[in-house]
file upload.cif (mmCIF, N, CA and C atoms)
data_start
#
loop_
_atom_site.label_atom_id
_atom_site.label_comp_id
_atom_site.auth_asym_id
_atom_site.auth_seq_id
_atom_site.Cartn_x
_atom_site.Cartn_y
_atom_site.Cartn_z
N MET A 21 97.47 113.85 66.48
CA MET A 21 97.14 114.49 67.74
C MET A 21 98.39 115.08 68.39
N ARG A 22 99.50 114.33 68.28
CA ARG A 22 100.74 114.78 68.88
C ARG A 22 101.20 116.09 68.23
N TYR A 23 101.02 116.19 66.92
CA TYR A 23 101.43 117.40 66.21
C TYR A 23 100.55 118.59 66.60
N LEU A 24 99.29 118.34 66.85
CA LEU A 24 98.39 119.40 67.28
C LEU A 24 98.81 119.96 68.65
N VAL A 25 99.21 119.08 69.55
CA VAL A 25 99.66 119.51 70.87
C VAL A 25 100.92 120.35 70.74
N TRP A 26 101.87 119.90 69.92
CA TRP A 26 103.10 120.68 69.74
C TRP A 26 102.82 122.02 69.06
N LEU A 27 101.89 122.05 68.13
CA LEU A 27 101.51 123.31 67.49
C LEU A 27 100.89 124.27 68.51
N LEU A 28 100.05 123.74 69.36
CA LEU A 28 99.44 124.57 70.41
C LEU A 28 100.50 125.10 71.37
N ARG A 29 101.46 124.26 71.74
CA ARG A 29 102.55 124.71 72.61
C ARG A 29 103.36 125.82 71.95
N LEU A 30 103.63 125.66 70.66
CA LEU A 30 104.40 126.67 69.92
C LEU A 30 103.64 128.00 69.87
N VAL A 31 102.35 127.95 69.62
CA VAL A 31 101.55 129.17 69.57
C VAL A 31 101.55 129.86 70.93
N ILE A 32 101.38 129.10 72.00
CA ILE A 32 101.39 129.69 73.35
C ILE A 32 102.75 130.29 73.66
N PHE A 33 103.83 129.60 73.28
CA PHE A 33 105.17 130.13 73.51
C PHE A 33 105.39 131.44 72.77
N VAL A 34 104.96 131.51 71.53
CA VAL A 34 105.13 132.75 70.74
C VAL A 34 104.33 133.89 71.36
N ILE A 35 103.11 133.60 71.81
CA ILE A 35 102.28 134.65 72.43
C ILE A 35 102.95 135.16 73.71
N VAL A 36 103.45 134.25 74.53
CA VAL A 36 104.13 134.66 75.77
C VAL A 36 105.41 135.43 75.45
N LEU A 37 106.15 134.99 74.45
CA LEU A 37 107.37 135.69 74.07
C LEU A 37 107.07 137.10 73.58
N LEU A 38 106.06 137.26 72.74
CA LEU A 38 105.69 138.60 72.28
C LEU A 38 105.21 139.48 73.43
N PHE A 39 104.48 138.89 74.38
CA PHE A 39 104.03 139.64 75.55
C PHE A 39 105.23 140.11 76.37
N ALA A 40 106.21 139.23 76.53
CA ALA A 40 107.40 139.58 77.30
C ALA A 40 108.19 140.69 76.60
N LEU A 41 108.30 140.61 75.29
CA LEU A 41 109.06 141.63 74.56
C LEU A 41 108.37 143.00 74.58
N LYS A 42 107.04 143.01 74.72
CA LYS A 42 106.31 144.28 74.77
C LYS A 42 106.35 144.90 76.17
N ASN A 43 106.73 144.14 77.20
CA ASN A 43 106.71 144.63 78.59
C ASN A 43 108.12 144.66 79.17
N THR A 44 108.99 145.42 78.52
CA THR A 44 110.36 145.54 79.01
C THR A 44 110.63 146.90 79.65
N ALA A 45 109.61 147.70 79.81
CA ALA A 45 109.80 149.03 80.39
C ALA A 45 110.27 148.91 81.84
N PRO A 46 111.18 149.78 82.27
CA PRO A 46 111.67 149.71 83.65
C PRO A 46 110.61 150.24 84.63
N VAL A 47 110.49 149.56 85.77
CA VAL A 47 109.54 149.96 86.81
C VAL A 47 110.26 149.96 88.15
N ASP A 48 109.68 150.66 89.11
CA ASP A 48 110.19 150.65 90.48
C ASP A 48 109.38 149.65 91.28
N VAL A 49 110.07 148.81 92.03
CA VAL A 49 109.42 147.79 92.83
C VAL A 49 109.60 148.17 94.29
N GLY A 50 108.47 148.39 94.99
CA GLY A 50 108.52 148.76 96.40
C GLY A 50 108.27 147.56 97.29
N PHE A 51 109.11 147.42 98.31
CA PHE A 51 108.97 146.36 99.29
C PHE A 51 108.56 146.98 100.62
N PHE A 52 108.53 146.18 101.64
CA PHE A 52 108.19 146.68 102.97
C PHE A 52 109.31 147.57 103.50
N ALA A 53 108.99 148.40 104.46
CA ALA A 53 109.94 149.30 105.13
C ALA A 53 110.56 150.28 104.14
N ASP A 54 109.79 150.73 103.17
CA ASP A 54 110.21 151.74 102.20
C ASP A 54 111.47 151.35 101.42
N HIS A 55 111.69 150.07 101.24
CA HIS A 55 112.81 149.61 100.42
C HIS A 55 112.31 149.55 98.97
N VAL A 56 112.99 150.26 98.08
CA VAL A 56 112.57 150.33 96.68
C VAL A 56 113.73 149.90 95.79
N VAL A 57 113.42 149.01 94.87
CA VAL A 57 114.39 148.64 93.84
C VAL A 57 113.95 149.37 92.58
N GLN A 58 114.85 150.15 92.03
CA GLN A 58 114.50 151.00 90.91
C GLN A 58 114.99 150.41 89.58
N GLN A 59 114.25 150.76 88.53
CA GLN A 59 114.61 150.42 87.16
C GLN A 59 114.75 148.92 86.92
N VAL A 60 113.75 148.16 87.37
CA VAL A 60 113.70 146.72 87.10
C VAL A 60 112.78 146.52 85.90
N PRO A 61 113.19 145.74 84.91
CA PRO A 61 112.30 145.50 83.77
C PRO A 61 111.01 144.81 84.23
N LEU A 62 109.90 145.25 83.66
CA LEU A 62 108.59 144.73 84.06
C LEU A 62 108.49 143.23 83.86
N ILE A 63 109.09 142.71 82.80
CA ILE A 63 109.02 141.28 82.55
C ILE A 63 109.71 140.48 83.65
N VAL A 64 110.76 141.02 84.24
CA VAL A 64 111.44 140.34 85.35
C VAL A 64 110.52 140.27 86.56
N VAL A 65 109.81 141.36 86.83
CA VAL A 65 108.88 141.37 87.94
C VAL A 65 107.75 140.36 87.70
N MET A 66 107.23 140.33 86.49
CA MET A 66 106.15 139.38 86.18
C MET A 66 106.64 137.94 86.24
N LEU A 67 107.86 137.70 85.77
CA LEU A 67 108.42 136.35 85.84
C LEU A 67 108.63 135.92 87.29
N ALA A 68 109.13 136.82 88.12
CA ALA A 68 109.33 136.50 89.54
C ALA A 68 107.99 136.19 90.22
N ALA A 69 106.96 136.96 89.90
CA ALA A 69 105.64 136.70 90.48
C ALA A 69 105.09 135.36 90.01
N PHE A 70 105.31 135.04 88.74
CA PHE A 70 104.86 133.75 88.21
C PHE A 70 105.58 132.59 88.89
N VAL A 71 106.90 132.71 89.04
CA VAL A 71 107.68 131.63 89.67
C VAL A 71 107.27 131.45 91.12
N LEU A 72 107.07 132.54 91.85
CA LEU A 72 106.63 132.42 93.25
C LEU A 72 105.25 131.77 93.34
N GLY A 73 104.35 132.13 92.47
CA GLY A 73 103.03 131.50 92.46
C GLY A 73 103.12 130.03 92.12
N LEU A 74 104.00 129.68 91.19
CA LEU A 74 104.20 128.29 90.82
C LEU A 74 104.76 127.48 91.99
N VAL A 75 105.73 128.04 92.69
CA VAL A 75 106.33 127.35 93.85
C VAL A 75 105.30 127.13 94.94
N PHE A 76 104.52 128.16 95.28
CA PHE A 76 103.50 128.00 96.32
C PHE A 76 102.43 127.01 95.90
N GLY A 77 102.03 127.04 94.64
CA GLY A 77 101.05 126.08 94.15
C GLY A 77 101.56 124.64 94.22
N LEU A 78 102.83 124.44 93.87
CA LEU A 78 103.41 123.10 93.94
C LEU A 78 103.53 122.61 95.37
N LEU A 79 103.83 123.51 96.30
CA LEU A 79 103.90 123.12 97.71
C LEU A 79 102.54 122.64 98.21
N VAL A 80 101.49 123.35 97.84
CA VAL A 80 100.14 122.95 98.26
C VAL A 80 99.77 121.62 97.61
N ALA A 81 100.07 121.47 96.34
CA ALA A 81 99.75 120.22 95.64
C ALA A 81 100.58 119.07 96.19
N PHE A 82 101.82 119.32 96.56
CA PHE A 82 102.69 118.27 97.07
C PHE A 82 102.15 117.68 98.36
N SER A 83 101.64 118.51 99.25
CA SER A 83 101.08 117.99 100.49
C SER A 83 99.84 117.13 100.22
N ALA A 84 99.02 117.52 99.26
CA ALA A 84 97.85 116.71 98.91
C ALA A 84 98.28 115.39 98.29
N VAL A 85 99.32 115.41 97.47
CA VAL A 85 99.82 114.17 96.86
C VAL A 85 100.35 113.23 97.93
N LEU A 86 101.08 113.76 98.91
CA LEU A 86 101.58 112.91 99.99
C LEU A 86 100.45 112.29 100.79
N ARG A 87 99.39 113.04 101.06
CA ARG A 87 98.24 112.49 101.78
C ARG A 87 97.59 111.37 100.99
N ARG A 88 97.41 111.59 99.71
CA ARG A 88 96.79 110.56 98.86
C ARG A 88 97.67 109.31 98.77
N ARG A 89 98.98 109.52 98.69
CA ARG A 89 99.89 108.38 98.61
C ARG A 89 99.84 107.54 99.89
N ARG A 90 99.79 108.20 101.05
CA ARG A 90 99.66 107.46 102.31
C ARG A 90 98.35 106.70 102.36
N GLU A 91 97.27 107.32 101.91
CA GLU A 91 95.96 106.66 101.90
C GLU A 91 95.97 105.45 100.97
N ILE A 92 96.58 105.59 99.81
CA ILE A 92 96.67 104.47 98.86
C ILE A 92 97.46 103.31 99.46
N ASN A 93 98.57 103.61 100.10
CA ASN A 93 99.37 102.56 100.74
C ASN A 93 98.59 101.86 101.85
N ARG A 94 97.86 102.64 102.64
CA ARG A 94 97.05 102.06 103.71
C ARG A 94 95.98 101.14 103.13
N LEU A 95 95.32 101.58 102.07
CA LEU A 95 94.28 100.77 101.45
C LEU A 95 94.86 99.50 100.80
N ARG A 96 96.05 99.60 100.23
CA ARG A 96 96.69 98.41 99.65
C ARG A 96 97.02 97.38 100.73
N ARG A 97 97.53 97.86 101.88
CA ARG A 97 97.81 96.93 102.98
C ARG A 97 96.51 96.28 103.47
N GLU A 98 95.46 97.07 103.59
CA GLU A 98 94.17 96.54 104.03
C GLU A 98 93.63 95.51 103.03
N LEU A 99 93.77 95.79 101.74
CA LEU A 99 93.33 94.86 100.71
C LEU A 99 94.14 93.57 100.77
N ALA A 100 95.45 93.66 100.96
CA ALA A 100 96.29 92.46 101.05
C ALA A 100 95.89 91.61 102.25
N ARG A 101 95.60 92.25 103.39
CA ARG A 101 95.16 91.49 104.57
C ARG A 101 93.83 90.81 104.30
N ALA A 102 92.91 91.51 103.63
CA ALA A 102 91.59 90.92 103.34
C ALA A 102 91.73 89.76 102.37
N GLN A 103 92.58 89.90 101.34
CA GLN A 103 92.78 88.81 100.39
C GLN A 103 93.45 87.61 101.06
N ASP A 104 94.38 87.89 101.97
CA ASP A 104 95.03 86.82 102.71
C ASP A 104 94.04 86.09 103.61
N ALA A 105 93.15 86.85 104.23
CA ALA A 105 92.14 86.22 105.08
C ALA A 105 91.18 85.37 104.26
N LEU A 106 90.87 85.78 103.04
CA LEU A 106 90.00 84.97 102.18
C LEU A 106 90.72 83.73 101.65
N ALA A 107 92.00 83.87 101.35
CA ALA A 107 92.76 82.74 100.81
C ALA A 107 93.06 81.69 101.87
N HIS A 108 93.24 82.13 103.10
CA HIS A 108 93.57 81.22 104.20
C HIS A 108 92.58 81.43 105.35
N PRO A 109 91.39 80.84 105.25
CA PRO A 109 90.41 81.04 106.31
C PRO A 109 90.89 80.36 107.60
N PRO A 110 90.50 80.90 108.75
CA PRO A 110 90.92 80.29 110.02
C PRO A 110 90.28 78.92 110.19
N VAL A 111 91.03 78.01 110.80
CA VAL A 111 90.57 76.65 111.01
C VAL A 111 89.95 76.57 112.40
N HIS A 112 88.70 76.09 112.47
CA HIS A 112 88.03 75.92 113.76
C HIS A 112 88.30 74.52 114.28
N SER A 113 88.43 74.42 115.58
CA SER A 113 88.74 73.12 116.17
C SER A 113 87.50 72.23 116.29
N GLY A 114 86.34 72.82 116.31
CA GLY A 114 85.12 72.03 116.45
C GLY A 114 83.92 72.84 116.01
N PRO A 115 82.77 72.24 116.13
CA PRO A 115 81.56 72.98 115.74
C PRO A 115 81.30 74.13 116.71
N VAL A 116 80.76 75.20 116.18
CA VAL A 116 80.46 76.38 117.00
C VAL A 116 79.02 76.26 117.47
N ILE A 117 78.86 76.25 118.79
CA ILE A 117 77.52 76.19 119.38
C ILE A 117 77.08 77.63 119.61
N PRO A 118 75.90 78.01 119.15
CA PRO A 118 75.48 79.40 119.27
C PRO A 118 75.47 79.92 120.70
N GLU A 119 75.16 79.08 121.69
CA GLU A 119 75.12 79.55 123.07
C GLU A 119 76.49 79.92 123.60
N THR A 120 77.55 79.35 123.03
CA THR A 120 78.88 79.69 123.50
C THR A 120 79.37 81.00 122.91
N VAL A 121 78.80 81.37 121.80
CA VAL A 121 79.17 82.64 121.18
C VAL A 121 78.44 83.77 121.87
N ALA A 122 77.14 83.67 121.95
CA ALA A 122 76.33 84.68 122.63
C ALA A 122 75.21 83.94 123.35
N PRO A 123 75.21 83.98 124.68
CA PRO A 123 74.18 83.26 125.42
C PRO A 123 72.80 83.80 125.07
N LEU A 124 71.86 82.87 124.96
CA LEU A 124 70.50 83.26 124.66
C LEU A 124 69.81 83.76 125.93
N ALA A 125 69.01 84.77 125.77
CA ALA A 125 68.26 85.31 126.91
C ALA A 125 67.03 84.44 127.18
N PRO A 126 66.69 84.27 128.46
CA PRO A 126 65.48 83.46 128.74
C PRO A 126 64.23 84.18 128.24
N LEU A 127 63.27 83.38 127.81
CA LEU A 127 62.02 83.94 127.31
C LEU A 127 61.11 84.22 128.41
#
call {"tool": "encode", "arguments": {"input": "upload.cif", "output": "structure tokens"}}
result
Amino acid sequence: MRYLVWLLRLVIFVIVLLFALKNTAPVDVGFFADHVVQQVPLIVVMLAAFVLGLVFGLLVAFSAVLRRRREINRLRRELARAQDALAHPPVHSGPVIPETVAPLAPL
């Protein structure tokens, strides 16, 4: 199975490399305020777009991971408190009379 994964990675790498080698034509890149960068290889533009998309995607995923991590820690603390309460039940000083807990209403 490990060899199959490496073979698949190699095939994908070769396909991406061939795609990059076929897209080396120079292009003009226009920015805001009529700023133009001329004669940039197309593969550089595509790589920059890919990296920017990757960075933004990781930022979004990172915030979700932090939220989940905080939730997991909160649940672990809650579980530890519940297990501690089960392991060490509170000691009552005497019998509990129901009327002292909640008075009964007259009939």
call {"tool": "atom_distance", "arguments": {"input": "upload.cif", "atom1": "atom C of His55 (chain A)", "atom2": "atom N of Ala68 (chain A)"}}
result
17.0 Å
call {"tool": "axis_aligned_box", "arguments": {"input": "upload.cif", "around": "region 51-64 of chain A", "padding_each_side": "5 Å", "output": "JSON"}}
result
{"center_x": 111.6, "center_y": 146.0, "center_z": 93.8, "size_x": 16.8, "size_y": 21.5, "size_z": 32.6}
call {"tool": "select_by_dssp", "arguments": {"input": "upload.cif", "residues": "region 32-125 of chain A", "states": "strand (DSSP E)", "output": "MDAnalysis selection string"}}
result
chainID A and resid 46:50 56:61
call {"tool": "select_by_dssp", "arguments": {"input": "upload.cif", "residues": "chain A", "states": "helix (DSSP H, G or I)", "output": "PyMOL selection string"}}
result
chain A and resi 22-42+52-54+62-107+118-121
call {"tool": "atom_distance", "arguments": {"input": "upload.cif", "atom1": "CA of Leu106 (chain A)", "atom2": "CA of Arg88 (chain A)"}}
result
26.7 Å
call {"tool": "residues_around", "arguments": {"input": "upload.cif", "residues": "Val36 (chain A)", "least_positions_apart": "6", "cutoff": "12 Å", "atoms": "only C-alpha atoms", "output": "list of chain:residue names"}}
result
A:Arg29, A:Leu30, A:Lys42, A:Asn43, A:Ile63, A:Met66, A:Leu67
call {"tool": "write_last_selection", "arguments": {"input": "upload.cif", "atoms": "N, CA and C atoms", "output": "PDB file, keeping the file's coordinate frame"}}
result
ATOM      1  N   ARG A  29     101.460 124.260  71.740  1.00  0.00           N
ATOM      2  CA  ARG A  29     102.550 124.710  72.610  1.00  0.00           C
ATOM      3  C   ARG A  29     103.360 125.820  71.950  1.00  0.00           C
ATOM      4  N   LEU A  30     103.630 125.660  70.660  1.00  0.00           N
ATOM      5  CA  LEU A  30     104.400 126.670  69.920  1.00  0.00           C
ATOM      6  C   LEU A  30     103.640 128.000  69.870  1.00  0.00           C
ATOM      7  N   LYS A  42     107.040 143.010  74.720  1.00  0.00           N
ATOM      8  CA  LYS A  42     106.310 144.280  74.770  1.00  0.00           C
ATOM      9  C   LYS A  42     106.350 144.900  76.170  1.00  0.00           C
ATOM     10  N   ASN A  43     106.730 144.140  77.200  1.00  0.00           N
ATOM     11  CA  ASN A  43     106.710 144.630  78.590  1.00  0.00           C
ATOM     12  C   ASN A  43     108.120 144.660  79.170  1.00  0.00           C
ATOM     13  N   ILE A  63     109.090 142.710  82.800  1.00  0.00           N
ATOM     14  CA  ILE A  63     109.020 141.280  82.550  1.00  0.00           C
ATOM     15  C   ILE A  63     109.710 140.480  83.650  1.00  0.00           C
ATOM     16  N   MET A  66     107.230 140.330  86.490  1.00  0.00           N
ATOM     17  CA  MET A  66     106.150 139.380  86.180  1.00  0.00           C
ATOM     18  C   MET A  66     106.640 137.940  86.240  1.00  0.00           C
ATOM     19  N   LEU A  67     107.860 137.700  85.770  1.00  0.00           N
ATOM     20  CA  LEU A  67     108.420 136.350  85.840  1.00  0.00           C
ATOM     21  C   LEU A  67     108.630 135.920  87.290  1.00  0.00           C
TER      22      LEU A  67
END
call {"tool": "closest_residue", "arguments": {"input": "upload.cif", "among": "A:Leu27, A:Val64, A:Ile35, A:Ala100", "to": "Asp48 (chain A)", "atoms": "only C-alpha atoms"}}
result
A:Val64
call {"tool": "atom_distance", "arguments": {"input": "upload.cif", "atom1": "atom C of Val85 (chain A)", "atom2": "atom C of Phe70 (chain A)"}}
result
22.0 Å
call {"tool": "decode", "arguments": {"input": "upload.cif", "residues": "chain A", "atoms": "C-alpha atoms", "output": "mmCIF file, in the first residue's frame"}}
result
data_model
loop_
_atom_site.group_PDB
_atom_site.id
_atom_site.type_symbol
_atom_site.label_atom_id
_atom_site.label_comp_id
_atom_site.auth_asym_id
_atom_site.auth_seq_id
_atom_site.Cartn_x
_atom_site.Cartn_y
_atom_site.Cartn_z
ATOM 1 C CA MET A 21 0.000 0.000 0.000
ATOM 2 C CA ARG A 22 2.865 2.335 0.834
ATOM 3 C CA TYR A 23 4.375 1.804 -2.613
ATOM 4 C CA LEU A 24 1.052 2.555 -4.267
ATOM 5 C CA VAL A 25 0.834 5.890 -2.442
ATOM 6 C CA TRP A 26 4.370 6.824 -3.488
ATOM 7 C CA LEU A 27 3.624 5.806 -7.079
ATOM 8 C CA LEU A 28 0.518 7.988 -7.062
ATOM 9 C CA ARG A 29 2.527 10.913 -5.660
ATOM 10 C CA LEU A 30 5.151 10.445 -8.374
ATOM 11 C CA VAL A 31 2.516 10.401 -11.126
ATOM 12 C CA ILE A 32 0.890 13.575 -9.770
ATOM 13 C CA PHE A 33 4.291 15.278 -9.507
ATOM 14 C CA VAL A 34 5.166 14.404 -13.114
ATOM 15 C CA ILE A 35 1.781 15.664 -14.355
ATOM 16 C CA VAL A 36 2.195 18.958 -12.484
ATOM 17 C CA LEU A 37 5.779 19.307 -13.710
ATOM 18 C CA LEU A 38 4.751 18.754 -17.343
ATOM 19 C CA PHE A 39 1.906 21.249 -16.904
ATOM 20 C CA ALA A 40 4.346 23.809 -15.504
ATOM 21 C CA LEU A 41 6.804 23.285 -18.353
ATOM 22 C CA LYS A 42 4.040 23.793 -20.939
ATOM 23 C CA ASN A 43 2.924 27.111 -19.337
ATOM 24 C CA THR A 44 6.067 29.211 -19.377
ATOM 25 C CA ALA A 45 4.821 31.852 -21.807
ATOM 26 C CA PRO A 46 5.247 35.430 -20.541
ATOM 27 C CA VAL A 47 2.064 37.271 -19.541
ATOM 28 C CA ASP A 48 1.207 40.739 -18.273
ATOM 29 C CA VAL A 49 -0.245 40.875 -14.776
ATOM 30 C CA GLY A 50 -2.501 43.841 -14.026
ATOM 31 C CA PHE A 51 -3.065 45.075 -10.493
ATOM 32 C CA PHE A 52 -5.212 47.852 -9.103
ATOM 33 C CA ALA A 53 -4.584 51.486 -10.064
ATOM 34 C CA ASP A 54 -3.342 50.511 -13.542
ATOM 35 C CA HIS A 55 -0.146 48.970 -12.181
ATOM 36 C CA VAL A 56 1.036 46.313 -14.645
ATOM 37 C CA VAL A 57 3.896 43.874 -14.289
ATOM 38 C CA GLN A 58 4.989 42.797 -17.728
ATOM 39 C CA GLN A 59 6.571 39.607 -19.022
ATOM 40 C CA VAL A 60 5.961 37.367 -15.989
ATOM 41 C CA PRO A 61 6.026 33.626 -16.756
ATOM 42 C CA LEU A 62 2.544 32.144 -16.500
ATOM 43 C CA ILE A 63 3.713 29.370 -14.189
ATOM 44 C CA VAL A 64 4.925 31.975 -11.673
ATOM 45 C CA VAL A 65 1.503 33.610 -11.683
ATOM 46 C CA MET A 66 -0.219 30.244 -11.224
ATOM 47 C CA LEU A 67 2.182 29.270 -8.441
ATOM 48 C CA ALA A 68 1.587 32.575 -6.642
ATOM 49 C CA ALA A 69 -2.187 32.095 -6.912
ATOM 50 C CA PHE A 70 -1.856 28.547 -5.577
ATOM 51 C CA VAL A 71 0.296 29.641 -2.626
ATOM 52 C CA LEU A 72 -2.092 32.477 -1.733
ATOM 53 C CA GLY A 73 -5.048 30.099 -1.850
ATOM 54 C CA LEU A 74 -3.161 27.619 0.302
ATOM 55 C CA VAL A 75 -2.307 30.294 2.891
ATOM 56 C CA PHE A 76 -5.904 31.553 3.105
ATOM 57 C CA GLY A 77 -7.221 27.997 3.354
ATOM 58 C CA LEU A 78 -4.789 27.182 6.169
ATOM 59 C CA LEU A 79 -5.792 30.331 8.048
ATOM 60 C CA VAL A 80 -9.451 29.327 7.901
ATOM 61 C CA ALA A 81 -8.652 25.759 8.931
ATOM 62 C CA PHE A 82 -6.377 26.959 11.743
ATOM 63 C CA SER A 83 -9.165 28.932 13.399
ATOM 64 C CA ALA A 84 -11.455 25.888 13.262
ATOM 65 C CA VAL A 85 -8.706 23.701 14.752
ATOM 66 C CA LEU A 86 -8.215 26.166 17.617
ATOM 67 C CA ARG A 87 -11.964 26.160 18.345
ATOM 68 C CA ARG A 88 -12.061 22.372 18.388
ATOM 69 C CA ARG A 89 -8.984 22.199 20.604
ATOM 70 C CA ARG A 90 -10.564 24.563 23.155
ATOM 71 C CA GLU A 91 -13.771 22.509 23.101
ATOM 72 C CA ILE A 92 -11.826 19.266 23.621
ATOM 73 C CA ASN A 93 -9.952 20.754 26.582
ATOM 74 C CA ARG A 94 -13.202 22.013 28.102
ATOM 75 C CA LEU A 95 -14.810 18.586 27.714
ATOM 76 C CA ARG A 96 -11.758 16.862 29.236
ATOM 77 C CA ARG A 97 -11.927 19.129 32.291
ATOM 78 C CA GLU A 98 -15.656 18.455 32.599
ATOM 79 C CA LEU A 99 -15.056 14.697 32.317
ATOM 80 C CA ALA A 100 -12.330 14.828 34.986
ATOM 81 C CA ARG A 101 -14.664 16.700 37.358
ATOM 82 C CA ALA A 102 -17.447 14.166 36.728
ATOM 83 C CA GLN A 103 -15.099 11.210 37.301
ATOM 84 C CA ASP A 104 -13.797 12.840 40.472
ATOM 85 C CA ALA A 105 -17.344 13.368 41.703
ATOM 86 C CA LEU A 106 -18.127 9.692 41.066
ATOM 87 C CA ALA A 107 -14.927 8.487 42.733
ATOM 88 C CA HIS A 108 -15.399 10.678 45.811
ATOM 89 C CA PRO A 109 -19.110 11.113 46.520
ATOM 90 C CA PRO A 110 -20.022 13.837 49.028
ATOM 91 C CA VAL A 111 -20.523 12.654 52.597
ATOM 92 C CA HIS A 112 -23.877 13.540 54.176
ATOM 93 C CA SER A 113 -23.993 14.289 57.865
ATOM 94 C CA GLY A 114 -27.368 12.659 58.406
ATOM 95 C CA PRO A 115 -30.428 11.299 56.712
ATOM 96 C CA VAL A 116 -32.121 13.593 54.228
ATOM 97 C CA ILE A 117 -35.734 14.320 55.106
ATOM 98 C CA PRO A 118 -37.760 15.106 51.980
ATOM 99 C CA GLU A 119 -39.565 18.045 53.634
ATOM 100 C CA THR A 120 -36.268 19.806 54.280
ATOM 101 C CA VAL A 121 -35.275 19.570 50.658
ATOM 102 C CA ALA A 122 -38.572 20.708 49.170
ATOM 103 C CA PRO A 123 -41.541 21.414 51.429
ATOM 104 C CA LEU A 124 -44.641 19.493 50.520
ATOM 105 C CA ALA A 125 -47.690 21.489 49.510
ATOM 106 C CA PRO A 126 -50.846 21.004 51.574
ATOM 107 C CA LEU A 127 -53.511 18.875 49.954
#
